[in-house]
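K.L.:
Provided herewith: upload_39.cif, mmCIF, C-alpha atoms.
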```cif
data_coords
loop_
_atom_site.label_atom_id
_atom_site.label_comp_id
_atom_site.auth_asym_id
_atom_site.auth_seq_id
_atom_site.Cartn_x
_atom_site.Cartn_y
_atom_site.Cartn_z
CA MET A 209 0.00 0.00 0.00
CA ILE A 210 1.14 3.49 -0.86
CA ASP A 211 1.33 6.67 1.17
CA ARG A 212 -0.56 9.22 -0.94
CA ARG A 213 1.59 12.14 0.16
CA ALA A 214 4.72 10.29 -0.89
CA ALA A 215 3.19 9.43 -4.25
CA TRP A 216 2.08 13.01 -4.89
CA ALA A 217 5.50 14.35 -3.86
CA MET A 218 7.11 11.94 -6.31
CA LEU A 219 4.79 13.13 -9.08
CA ALA A 220 5.25 16.81 -8.23
CA ARG A 221 9.02 16.57 -8.65
CA GLN A 222 8.56 15.56 -12.29
CA LEU A 223 5.93 18.08 -13.37
CA THR A 224 6.55 21.15 -15.49
CA SER A 225 3.66 22.80 -17.35
CA GLN A 226 0.94 20.20 -16.85
CA ILE A 227 -2.52 21.09 -15.57
CA VAL A 228 -3.41 19.27 -12.34
CA VAL A 229 -7.06 18.90 -11.31
CA SER A 230 -7.51 17.44 -7.84
CA THR A 231 -10.35 16.83 -5.44
CA TYR A 232 -11.00 16.42 -1.71
CA SER A 233 -8.33 14.41 0.15
CA SER A 234 -6.28 14.01 -3.00
CA ALA A 235 -6.41 17.80 -3.33
CA THR A 236 -5.34 18.67 0.19
CA ASP A 237 -2.43 16.24 -0.03
CA TRP A 238 -1.54 17.61 -3.47
CA LEU A 239 -1.48 21.17 -2.14
CA ALA A 240 0.91 19.98 0.58
CA THR A 241 3.48 19.34 -2.16
CA GLY A 242 3.55 23.06 -2.92
CA GLU A 243 1.70 25.83 -4.72
CA ARG A 244 1.44 25.70 -8.53
CA ALA A 245 -0.48 28.19 -10.64
CA LEU A 246 -1.71 25.36 -12.88
CA ASN A 247 -3.53 23.63 -10.03
CA TYR A 248 -7.31 23.47 -10.27
CA PHE A 249 -9.24 22.24 -7.25
CA SER A 250 -12.56 20.57 -8.02
CA PHE A 251 -15.17 21.16 -5.38
CA GLY A 252 -18.84 21.36 -4.56
CA ALA A 253 -20.10 18.48 -6.63
CA MET A 254 -18.26 15.32 -5.65
CA GLY A 255 -17.21 13.06 -8.50
CA LEU A 256 -16.72 15.62 -11.21
CA ALA A 257 -12.95 16.15 -11.09
CA SER A 258 -12.38 13.95 -14.11
CA SER A 259 -15.10 15.80 -16.04
CA TYR A 260 -13.45 19.18 -15.31
CA GLY A 261 -10.17 17.62 -16.40
CA LEU A 262 -11.71 16.23 -19.56
CA GLY A 263 -12.96 19.69 -20.55
CA LEU A 264 -9.54 21.17 -19.90
CA ALA A 265 -7.78 18.42 -21.84
CA LEU A 266 -10.04 18.98 -24.84
CA ALA A 267 -9.68 22.75 -24.71
CA ARG A 268 -5.91 22.72 -24.23
CA PRO A 269 -4.49 19.80 -26.22
CA GLU A 270 -1.02 21.34 -26.10
CA ARG A 271 -0.83 20.64 -22.34
CA ARG A 272 -1.21 17.41 -20.43
CA THR A 273 -4.06 17.37 -17.90
CA ILE A 274 -3.61 15.17 -14.83
CA VAL A 275 -6.59 14.42 -12.58
CA LEU A 276 -5.92 13.34 -8.99
CA ASP A 277 -9.15 11.68 -7.95
CA GLY A 278 -10.37 9.37 -5.18
CA ASP A 279 -12.28 6.10 -5.37
CA GLY A 280 -15.23 7.48 -3.40
CA SER A 281 -15.43 10.40 -5.82
CA LEU A 282 -15.08 8.32 -8.96
CA LEU A 283 -17.80 5.95 -7.80
CA MET A 284 -20.20 8.91 -7.86
CA ASN A 285 -19.52 9.46 -11.57
CA LEU A 286 -18.57 6.12 -13.10
CA GLY A 287 -20.05 7.16 -16.44
CA THR A 288 -17.08 9.48 -16.82
CA LEU A 289 -14.93 6.46 -17.69
CA VAL A 290 -17.16 5.73 -20.67
CA THR A 291 -17.12 9.35 -21.81
CA ILE A 292 -13.31 9.53 -21.49
CA GLY A 293 -12.91 6.18 -23.21
CA ALA A 294 -15.02 7.34 -26.14
CA LEU A 295 -13.23 10.66 -26.60
CA ALA A 296 -9.78 9.22 -25.82
CA PRO A 297 -7.84 12.46 -25.37
CA LYS A 298 -4.12 11.68 -25.71
CA ASN A 299 -3.19 14.34 -23.15
CA PHE A 300 -5.37 13.02 -20.32
CA VAL A 301 -4.13 11.20 -17.20
CA HIS A 302 -6.56 10.02 -14.51
CA ILE A 303 -4.97 8.86 -11.25
CA VAL A 304 -7.41 7.53 -8.65
CA ALA A 305 -6.16 7.20 -5.08
CA CYS A 306 -8.03 4.19 -3.71
CA ASN A 307 -8.37 3.48 -0.01
CA GLY A 308 -11.86 2.04 -0.09
CA SER A 309 -13.36 4.85 1.91
CA TYR A 310 -15.04 8.22 1.79
CA GLU A 311 -12.08 9.72 3.59
CA ALA A 312 -13.26 13.32 3.29
CA ASN A 313 -16.62 12.35 4.78
CA GLY A 314 -15.44 10.63 7.93
CA GLY A 315 -13.74 7.52 6.59
CA HIS A 316 -16.79 5.37 6.04
CA PRO A 317 -16.23 2.52 3.57
CA VAL A 318 -17.33 2.62 -0.07
CA PRO A 319 -20.00 0.00 -0.90
CA ASN A 320 -17.42 -2.46 -2.26
CA ARG A 321 -13.74 -2.04 -1.41
CA ASP A 322 -12.71 -4.79 -3.83
CA VAL A 323 -14.11 -3.18 -6.94
CA ASP A 324 -11.70 -3.38 -9.90
CA LEU A 325 -11.55 0.22 -11.10
CA ALA A 326 -8.68 -0.39 -13.53
CA GLY A 327 -10.70 -3.22 -15.03
CA MET A 328 -13.72 -0.94 -15.32
CA ALA A 329 -11.61 1.72 -17.04
CA ARG A 330 -10.25 -0.85 -19.48
CA ALA A 331 -13.75 -2.12 -20.20
CA ALA A 332 -14.85 1.47 -20.81
CA GLY A 333 -12.26 1.87 -23.55
CA ILE A 334 -9.24 3.25 -21.70
CA ALA A 335 -6.56 0.83 -22.84
CA ASN A 336 -3.76 2.24 -20.67
CA ALA A 337 -5.25 1.28 -17.34
CA HIS A 338 -3.00 0.18 -14.49
CA ARG A 339 -3.35 -0.98 -10.91
CA VAL A 340 -0.38 0.07 -8.77
CA THR A 341 0.14 -1.18 -5.21
CA GLU A 342 3.74 -0.11 -4.45
CA LEU A 343 5.38 3.31 -4.53
CA GLU A 344 8.20 1.98 -6.70
CA GLY A 345 5.68 0.83 -9.28
CA PHE A 346 4.18 4.30 -9.39
CA GLU A 347 7.62 5.86 -9.80
CA ASN A 348 8.32 3.57 -12.74
CA LEU A 349 5.01 4.47 -14.36
CA ILE A 350 5.29 8.27 -14.12
CA PRO A 351 7.44 8.78 -17.26
CA ALA A 352 4.87 6.96 -19.40
CA LEU A 353 2.07 9.00 -17.83
CA LEU A 354 3.85 12.25 -18.65
CA THR A 355 4.98 11.45 -22.18
CA GLY A 356 3.05 8.50 -23.61
CA ASP A 357 -0.19 8.84 -25.54
CA GLY A 358 -3.25 8.68 -23.32
CA PRO A 359 -5.75 8.49 -22.01
CA HIS A 360 -4.12 6.86 -18.98
CA PHE A 361 -5.88 5.50 -15.92
CA VAL A 362 -4.13 4.53 -12.70
CA GLU A 363 -5.80 2.77 -9.77
CA LEU A 364 -3.37 3.69 -7.01
CA LYS A 365 -3.83 1.58 -3.90
CA ILE A 366 -3.17 3.85 -0.92
CA GLU A 367 -3.30 3.70 2.85
CA GLN A 368 -6.08 5.46 4.72
CA GLY A 369 -5.10 9.12 5.13
CA GLU A 370 -5.66 11.44 8.05
CA LEU A 371 -9.24 12.16 9.00
CA SER A 372 -8.25 15.45 10.58
CA ARG A 373 -10.01 18.67 9.70
CA ARG A 374 -8.95 19.94 6.30
CA ASP A 375 -8.87 23.57 5.23
CA TYR A 376 -11.22 23.49 2.27
CA LYS A 377 -11.98 27.19 2.53
CA ASP A 378 -8.41 28.03 1.55
CA LEU A 379 -8.36 25.32 -1.09
CA TYR A 380 -11.45 26.57 -2.87
CA ARG A 381 -11.02 30.32 -2.65
CA ALA A 382 -11.92 32.23 -5.81
CA SER A 383 -8.45 33.78 -6.06
CA ARG A 384 -7.01 30.32 -6.74
CA ARG A 385 -9.34 29.90 -9.71
CA ALA A 386 -8.42 33.36 -10.98
CA ALA A 387 -4.73 32.51 -10.73
CA PHE A 388 -5.35 29.25 -12.55
CA ARG A 389 -7.13 31.03 -15.39
CA ALA A 390 -4.36 33.60 -15.65
CA ALA A 391 -1.72 30.89 -15.72
CA LEU A 392 -3.57 29.09 -18.51
CA ASP A 393 -3.71 32.34 -20.45
CA GLY A 394 0.02 32.80 -19.91
CA VAL A 395 -0.34 35.89 -17.74
CA PRO A 396 2.66 36.19 -15.37
CA GLN A 397 1.71 35.81 -11.70
CA ASN A 398 3.20 37.62 -8.76
CA GLY A 399 4.48 35.41 -5.97
CA MET B 57 -65.52 34.84 -57.16
CA GLU B 58 -65.42 33.42 -53.69
CA ALA B 59 -62.63 34.34 -51.32
CA THR B 60 -60.26 31.53 -50.44
CA PRO B 61 -60.15 31.00 -46.67
CA GLN B 62 -56.74 31.94 -45.27
CA THR B 63 -54.80 29.09 -43.76
CA ALA B 64 -53.49 29.86 -40.30
CA GLN B 65 -49.70 30.08 -40.28
CA ALA B 66 -48.29 27.18 -38.26
CA VAL B 67 -46.13 28.21 -35.32
CA LEU B 68 -42.80 26.47 -35.66
CA LEU B 69 -39.42 26.32 -34.01
CA HIS B 70 -36.67 25.24 -36.39
CA GLY B 71 -33.61 23.46 -35.06
CA GLU B 72 -31.52 25.00 -37.83
CA ALA B 73 -32.32 28.49 -36.53
CA ILE B 74 -31.11 27.49 -33.06
CA ILE B 75 -27.94 25.98 -34.51
CA GLU B 76 -27.26 29.17 -36.45
CA SER B 77 -27.58 31.20 -33.26
CA LEU B 78 -25.07 28.89 -31.53
CA LYS B 79 -22.59 29.49 -34.31
CA GLN B 80 -23.15 33.23 -34.08
CA ALA B 81 -22.24 32.98 -30.41
CA ARG B 82 -19.07 31.01 -31.27
CA VAL B 83 -20.21 27.87 -29.48
CA GLY B 84 -17.92 25.05 -30.54
CA TYR B 85 -19.08 22.17 -28.34
CA VAL B 86 -22.47 20.67 -27.57
CA LEU B 87 -22.55 18.44 -24.48
CA SER B 88 -25.61 16.29 -24.38
CA VAL B 89 -27.67 13.47 -23.00
CA PRO B 90 -30.39 12.76 -25.59
CA ASP B 91 -33.82 14.22 -24.93
CA LEU B 92 -36.91 13.05 -26.81
CA HIS B 93 -38.15 16.66 -27.03
CA THR B 94 -35.08 17.93 -28.94
CA SER B 95 -33.88 14.64 -30.39
CA GLN B 96 -34.99 14.90 -34.02
CA GLY B 97 -35.35 18.64 -34.49
CA LEU B 98 -32.16 19.81 -32.81
CA LEU B 99 -29.77 17.08 -31.72
CA LYS B 100 -29.99 15.22 -35.02
CA PRO B 101 -29.01 18.24 -37.16
CA ILE B 102 -26.23 18.98 -34.64
CA THR B 103 -24.83 15.51 -35.31
CA GLN B 104 -24.73 16.39 -39.01
CA ASP B 105 -23.01 19.75 -38.54
CA ALA B 106 -19.24 19.47 -38.69
CA SER B 107 -18.69 22.88 -37.13
CA LEU B 108 -20.15 21.74 -33.79
CA LYS B 109 -18.34 19.08 -31.78
CA LEU B 110 -20.92 16.89 -30.09
CA ILE B 111 -19.84 15.21 -26.85
CA ARG B 112 -22.22 12.51 -25.73
CA VAL B 113 -22.05 11.94 -21.98
CA CYS B 114 -23.61 9.36 -19.69
CA LYS B 115 -25.27 11.61 -17.12
CA GLU B 116 -26.17 15.28 -17.09
CA ASP B 117 -23.88 16.45 -14.30
CA GLU B 118 -20.86 15.56 -16.42
CA THR B 119 -21.88 18.26 -18.88
CA LEU B 120 -21.57 20.99 -16.26
CA ALA B 121 -17.98 20.18 -15.32
CA ILE B 122 -16.85 19.53 -18.89
CA ALA B 123 -18.33 22.89 -19.93
CA ALA B 124 -16.50 24.58 -17.04
CA GLY B 125 -13.20 22.95 -18.04
CA LEU B 126 -13.72 24.00 -21.64
CA SER B 127 -14.44 27.57 -20.59
CA TYR B 128 -11.13 27.77 -18.69
CA GLY B 129 -9.55 26.83 -21.99
CA ASP B 130 -11.50 29.59 -23.78
CA LYS B 131 -13.84 27.20 -25.56
CA ARG B 132 -17.58 27.77 -25.57
CA ALA B 133 -20.08 24.98 -24.99
CA LEU B 134 -23.81 24.39 -24.89
CA VAL B 135 -25.33 21.94 -22.43
CA LEU B 136 -28.29 20.28 -24.18
CA ILE B 137 -30.43 18.26 -21.78
CA GLN B 138 -34.04 17.58 -20.80
CA TYR B 139 -35.66 19.22 -17.77
CA THR B 140 -35.44 15.91 -15.92
CA GLY B 141 -31.68 15.98 -16.53
CA MET B 142 -31.53 19.48 -15.12
CA LEU B 143 -33.32 18.22 -12.02
CA TYR B 144 -30.85 15.36 -11.76
CA ALA B 145 -27.87 17.73 -12.08
CA MET B 146 -29.07 20.37 -9.60
CA ASN B 147 -26.12 20.02 -7.25
CA ALA B 148 -23.63 20.38 -10.09
CA ILE B 149 -25.55 23.41 -11.36
CA ARG B 150 -25.49 24.86 -7.85
CA ALA B 151 -21.75 24.27 -7.41
CA ILE B 152 -20.46 25.13 -10.87
CA ALA B 153 -22.92 27.60 -12.37
CA CYS B 154 -23.94 29.38 -9.17
CA ASP B 155 -21.21 29.07 -6.49
CA GLN B 156 -18.36 29.41 -9.00
CA SER B 157 -20.32 31.70 -11.33
CA MET B 158 -19.21 29.89 -14.45
CA PRO B 159 -20.62 30.70 -17.91
CA ILE B 160 -22.73 27.56 -18.21
CA CYS B 161 -25.19 27.79 -21.12
CA MET B 162 -28.02 25.28 -20.79
CA MET B 163 -30.67 24.43 -23.36
CA ILE B 164 -33.41 22.54 -21.58
CA GLY B 165 -36.03 20.48 -23.37
CA MET B 166 -39.42 20.97 -21.71
CA LEU B 167 -40.85 17.60 -22.68
CA GLY B 168 -44.58 17.45 -22.14
CA LYS B 169 -45.15 21.18 -21.70
CA GLU B 170 -48.61 21.99 -22.94
CA PRO B 171 -48.58 24.52 -25.83
CA ASP B 172 -51.62 26.40 -24.56
CA ARG B 173 -50.35 27.38 -21.12
CA PRO B 174 -47.22 28.71 -19.41
CA SER B 175 -44.86 26.13 -17.98
CA ARG B 176 -45.56 27.43 -14.46
CA GLU B 177 -49.15 26.28 -14.94
CA SER B 178 -48.31 22.94 -16.50
CA GLY B 179 -50.15 19.86 -15.39
CA LYS B 180 -46.79 18.13 -15.17
CA PHE B 181 -45.13 18.74 -11.81
CA GLY B 182 -41.60 18.46 -13.20
CA VAL B 183 -42.27 21.03 -15.91
CA ARG B 184 -44.08 23.34 -13.49
CA ILE B 185 -41.15 23.69 -11.09
CA ILE B 186 -38.38 24.49 -13.60
CA GLU B 187 -38.83 28.27 -13.82
CA PRO B 188 -39.28 28.68 -10.04
CA LEU B 189 -36.12 26.64 -9.45
CA LEU B 190 -34.14 28.78 -11.88
CA ASP B 191 -35.54 31.88 -10.15
CA VAL B 192 -34.49 30.72 -6.71
CA MET B 193 -31.01 29.84 -8.01
CA GLY B 194 -30.68 33.25 -9.64
CA ILE B 195 -30.18 31.80 -13.11
CA ALA B 196 -31.52 33.95 -15.94
CA TYR B 197 -33.54 32.16 -18.59
CA HIS B 198 -35.34 32.68 -21.89
CA ARG B 199 -38.39 30.83 -23.16
CA ILE B 200 -37.87 29.54 -26.69
CA ASP B 201 -41.23 28.65 -28.21
CA ARG B 202 -40.98 29.75 -31.83
CA ASP B 203 -38.52 30.95 -34.43
CA ALA B 204 -39.02 34.58 -33.38
CA ASP B 205 -37.65 33.73 -29.92
CA VAL B 206 -34.35 32.42 -31.25
CA ALA B 207 -32.90 35.91 -31.75
CA CYS B 208 -32.18 36.18 -28.03
CA ILE B 209 -29.90 33.13 -27.91
CA ALA B 210 -26.65 34.47 -29.36
CA PRO B 211 -26.63 37.74 -27.38
CA ALA B 212 -27.52 35.90 -24.18
CA ILE B 213 -24.62 33.49 -24.64
CA GLU B 214 -22.28 36.41 -25.34
CA THR B 215 -23.42 38.05 -22.11
CA ALA B 216 -23.03 34.80 -20.15
CA TYR B 217 -19.39 34.49 -21.19
CA ALA B 218 -18.66 38.22 -20.84
CA GLN B 219 -20.04 38.27 -17.29
CA SER B 220 -19.14 34.68 -16.37
CA ARG B 221 -22.71 33.81 -15.42
CA PRO B 222 -25.02 30.93 -16.32
CA ILE B 223 -27.94 31.20 -18.72
CA ALA B 224 -30.78 28.81 -19.52
CA PHE B 225 -32.94 28.49 -22.62
CA LEU B 226 -36.18 26.62 -22.09
CA ILE B 227 -37.13 24.83 -25.32
CA GLU B 228 -40.90 24.86 -24.97
CA ARG B 229 -42.02 23.73 -28.40
CA ARG B 230 -40.55 20.61 -29.97
CA PRO B 231 -38.09 21.85 -32.64
CA VAL B 232 -38.54 20.72 -36.22
CA HIS B 233 -35.82 19.83 -38.70
CA SER B 234 -36.53 21.04 -42.24
#
```
Once more with this new file: its structure as structure tokens, please.

P.N.:
Amino acid sequence: MIDRRAAWAMLARQLTSQIVVSTYSSATDWLATGERALNYFSFGAMGLASSYGLGLALARPERRTIVLDGDGSLLMNLGTLVTIGALAPKNFVHIVACNGSYEANGGHPVPNRDVDLAGMARAAGIANAHRVTELEGFENLIPALLTGDGPHFVELKIEQGELSRRDYKDLYRASRRAAFRAALDGVPQNG
Amino acid sequence: MEATPQTAQAVLLHGEAIIESLKQARVGYVLSVPDLHTSQGLLKPITQDASLKLIRVCKEDETLAIAAGLSYGDKRALVLIQYTGMLYAMNAIRAIACDQSMPICMMIGMLGKEPDRPSRESGKFGVRIIEPLLDVMGIAYHRIDRDADVACIAPAIETAYAQSRPIAFLIERRPVHS
């Protein structure tokens, strides 16, 4: 099992100009790796991170869009796999941190912790679908995720994270979205 | 010579007129779950129009987030769904269109709305509550019942993107495809 913070830190070290869309616990742990103008935090309607990311990937094919999702979130929008599989954007990477629980909602289990999300993604038409259970395996996969033709799907088996109070107010403030838009438009940011 | 009785002019709403207004407003994507009300008269001609990219999704709330992502990338989209789909996607509409004030442009098929009375007085509960729900969410809307109503679509979409606010078009009459 993988520590999500360690996995995200490993990914962050290799990113340059990619868009990163993250949600809930995946988002708070992603923010802990450092501020990036090209971070977009999906909030308010659980499950839609991959749909935001899909729109961004279609609109900005010159950049790679990476979605950091959770299994509880994805299970609320499983149809997204079919939509992504049909459109097959080459610049789209969907990484789902799976701990079998609704971690952001108190750690209650998802209805079936043994569900095969990588298998579902493959069946939905996403050929590059992987299940990763060790940090080393994730490290080995990152170059392909960042350079190979997508869409990519990764079911990342992680340990249960902290259930402590998370600062969503800071995560979702409007100024972050404004900075994200400016960064996409290539407007230099202060700080 | 006897006068020929004048035939009453049929009131029509042409899908082609709606499509033209979308192009005027530089809409490039249509995000849709099929709706019986707009299926033949609007969605079908959209499928045959190479200048509009149709994205078929599985459930209506996907359309909201995809449209938001596209708008961050400076691409304009239309969400084409039935009123039941709007009801399904209410939380996504609340979060994306209202809380984040994104330029979400929704075209909503009012399946089953009676032609002889306003939707607020419809015998169908689902149809009857659409306008009040949009009112309470602060989402502006236009009723599209005939070709003459279509003129409002392009300017309303321009305003939605200029002000980063949602807009809804209620397709009251079933569009026809000439």

K.L.:
Go through the shown structure with the PyMOL selection byres ((chain A and resi 225) around 12) and write out the matching residues as an MDAnalysis selection string.

P.N.:
chainID A and resid 220:224 226:228 244:247 268 270:274 354 391:392 394

K.L.:
Just the residues within 12 Å of Asn147 of chain B, please, counting only C-alpha atoms, with nothing from its chain fewer than 6 positions along; format it as an MDAnalysis selection string.

P.N.:
(chainID A and resid 251:256) or (chainID B and resid 116:118 120:121 141 153:155 193)

K.L.:
With a distance cut-off of 12 Å and only C-alpha atoms, select the neighbouring residues of Phe181 of chain B, excluding the residue or stretch itself and same-chain residues fewer than 6 positions from it, and output the selection as a list of chain:residue names.

P.N.:
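Residues near the query, excluding close chain neighbours: B:Tyr139, B:Thr140, B:Leu143, B:Met166, B:Leu167, B:Gly168, B:Lys169, B:Ser175, B:Glu187, B:Pro188.
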
K.L.:
Interatomic distance between atom CA of Gly287 of chain A and atom CA of Ala305 of chain A?

P.N.:
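Value for the atom CA of Gly287 of chain A-atom CA of Ala305 of chain A distance: 17.9 Å.
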
K.L.:
What gap, in Å, lies between atom CA of Ala382 of chain A and atom CA of Ile160 of chain B?

P.N.:
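Going from atom CA of Ala382 of chain A over to atom CA of Ile160 of chain B covers 17.1 Å.
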
K.L.:
Distance cut-off 10 Å, counting all atoms listed in the file - which residues of chain B neighbour chain A? Return them as a PyMOL selection string.

P.N.:
chain B and resi 111-115+117-133+145-152+155-156

K.L.:
List the residues selected by the PyMOL selection byres ((chain A and resi 238) around 12) in the file shown, writing them as JSON, numbers by chain.

P.N.:
{"A": [212, 213, 214, 215, 216, 217, 218, 219, 220, 221, 228, 229, 230, 231, 232, 233, 234, 235, 236, 237, 239, 240, 241, 242, 243, 244, 247, 248, 249, 274, 275, 276, 277, 305, 379]}

K.L.:
Which one of B:Gly165, B:Gly97, B:Pro159, B:Gly84 sits closest to Ala212 of chain B if you count all atoms listed in the file?

P.N.:
B:Pro159

K.L.:
What is the atom CA of Val362 of chain A to atom CA of Ala326 of chain A distance in Å?

P.N.:
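Distance between the two atoms: 6.8 Å.
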
K.L.:
Could you check which of A:Asp279, A:Asp324, A:Asp211, A:Glu370 is closest to Ala337 of chain A, using all atoms listed in the file?

P.N.:
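Of A:Asp279, A:Asp324, A:Asp211, A:Glu370, the one nearest Ala337 of chain A is A:Asp324, counting all atoms listed in the file.
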
K.L.:
Report as JSON, numbers by chain the full result of the PyMOL selection byres ((chain A and resi 210) around 10) when it is applied to this structure.

P.N.:
{"A": [209, 211, 212, 213, 214, 215, 305, 306, 307, 340, 341, 342, 343, 344, 345, 346, 364, 365, 366, 367, 368]}

K.L.:
For the residues in that selection, give me C-alpha atoms as a PDB file, in the coordinates of the input.

P.N.:
```pdb
ATOM      1  CA  MET A 209       0.000   0.000   0.000  1.00  0.00           C
ATOM      2  CA  ASP A 211       1.330   6.670   1.170  1.00  0.00           C
ATOM      3  CA  ARG A 212      -0.560   9.220  -0.940  1.00  0.00           C
ATOM      4  CA  ARG A 213       1.590  12.140   0.160  1.00  0.00           C
ATOM      5  CA  ALA A 214       4.720  10.290  -0.890  1.00  0.00           C
ATOM      6  CA  ALA A 215       3.190   9.430  -4.250  1.00  0.00           C
ATOM      7  CA  ALA A 305      -6.160   7.200  -5.080  1.00  0.00           C
ATOM      8  CA  CYS A 306      -8.030   4.190  -3.710  1.00  0.00           C
ATOM      9  CA  ASN A 307      -8.370   3.480  -0.010  1.00  0.00           C
ATOM     10  CA  VAL A 340      -0.380   0.070  -8.770  1.00  0.00           C
ATOM     11  CA  THR A 341       0.140  -1.180  -5.210  1.00  0.00           C
ATOM     12  CA  GLU A 342       3.740  -0.110  -4.450  1.00  0.00           C
ATOM     13  CA  LEU A 343       5.380   3.310  -4.530  1.00  0.00           C
ATOM     14  CA  GLU A 344       8.200   1.980  -6.700  1.00  0.00           C
ATOM     15  CA  GLY A 345       5.680   0.830  -9.280  1.00  0.00           C
ATOM     16  CA  PHE A 346       4.180   4.300  -9.390  1.00  0.00           C
ATOM     17  CA  LEU A 364      -3.370   3.690  -7.010  1.00  0.00           C
ATOM     18  CA  LYS A 365      -3.830   1.580  -3.900  1.00  0.00           C
ATOM     19  CA  ILE A 366      -3.170   3.850  -0.920  1.00  0.00           C
ATOM     20  CA  GLU A 367      -3.300   3.700   2.850  1.00  0.00           C
ATOM     21  CA  GLN A 368      -6.080   5.460   4.720  1.00  0.00           C
TER      22      GLN A 368
END
```

K.L.:
Any chance you could build segment 260-277 of chain A out to N, CA and C atoms and write it as a tab-separated table (two decimals), in the frame of the given file?

P.N.:
```tsv
chain	number	residue	atom	x	y	z
A	260	TYR	N	-14.17	17.90	-15.15
A	260	TYR	CA	-13.45	19.18	-15.31
A	260	TYR	C	-12.18	18.94	-16.13
A	261	GLY	N	-11.44	17.90	-15.73
A	261	GLY	CA	-10.17	17.62	-16.40
A	261	GLY	C	-10.36	17.29	-17.87
A	262	LEU	N	-11.44	16.58	-18.16
A	262	LEU	CA	-11.71	16.23	-19.56
A	262	LEU	C	-11.94	17.51	-20.38
A	263	GLY	N	-12.72	18.43	-19.84
A	263	GLY	CA	-12.96	19.69	-20.55
A	263	GLY	C	-11.67	20.45	-20.78
A	264	LEU	N	-10.83	20.48	-19.77
A	264	LEU	CA	-9.54	21.17	-19.90
A	264	LEU	C	-8.64	20.48	-20.93
A	265	ALA	N	-8.62	19.17	-20.90
A	265	ALA	CA	-7.78	18.42	-21.84
A	265	ALA	C	-8.22	18.66	-23.28
A	266	LEU	N	-9.53	18.74	-23.49
A	266	LEU	CA	-10.04	18.98	-24.84
A	266	LEU	C	-9.74	20.41	-25.29
A	267	ALA	N	-9.88	21.34	-24.35
A	267	ALA	CA	-9.68	22.75	-24.71
A	267	ALA	C	-8.21	23.09	-24.89
A	268	ARG	N	-7.34	22.41	-24.18
A	268	ARG	CA	-5.91	22.72	-24.23
A	268	ARG	C	-5.10	21.47	-24.58
A	269	PRO	N	-5.20	21.03	-25.83
A	269	PRO	CA	-4.49	19.80	-26.22
A	269	PRO	C	-2.98	19.93	-26.18
A	270	GLU	N	-2.48	21.15	-26.13
A	270	GLU	CA	-1.02	21.34	-26.10
A	270	GLU	C	-0.44	21.04	-24.71
A	271	ARG	N	-1.28	20.96	-23.71
A	271	ARG	CA	-0.83	20.64	-22.34
A	271	ARG	C	-1.39	19.28	-21.92
A	272	ARG	N	-0.69	18.64	-21.02
A	272	ARG	CA	-1.21	17.41	-20.43
A	272	ARG	C	-2.06	17.77	-19.21
A	273	THR	N	-3.21	17.16	-19.07
A	273	THR	CA	-4.06	17.37	-17.90
A	273	THR	C	-4.03	16.10	-17.04
A	274	ILE	N	-3.68	16.29	-15.77
A	274	ILE	CA	-3.61	15.17	-14.83
A	274	ILE	C	-4.69	15.35	-13.77
A	275	VAL	N	-5.53	14.36	-13.59
A	275	VAL	CA	-6.59	14.42	-12.58
A	275	VAL	C	-6.19	13.53	-11.41
A	276	LEU	N	-6.20	14.10	-10.21
A	276	LEU	CA	-5.92	13.34	-8.99
A	276	LEU	C	-7.26	13.15	-8.27
A	277	ASP	N	-7.79	11.98	-8.38
A	277	ASP	CA	-9.15	11.68	-7.95
A	277	ASP	C	-9.11	10.74	-6.74
```
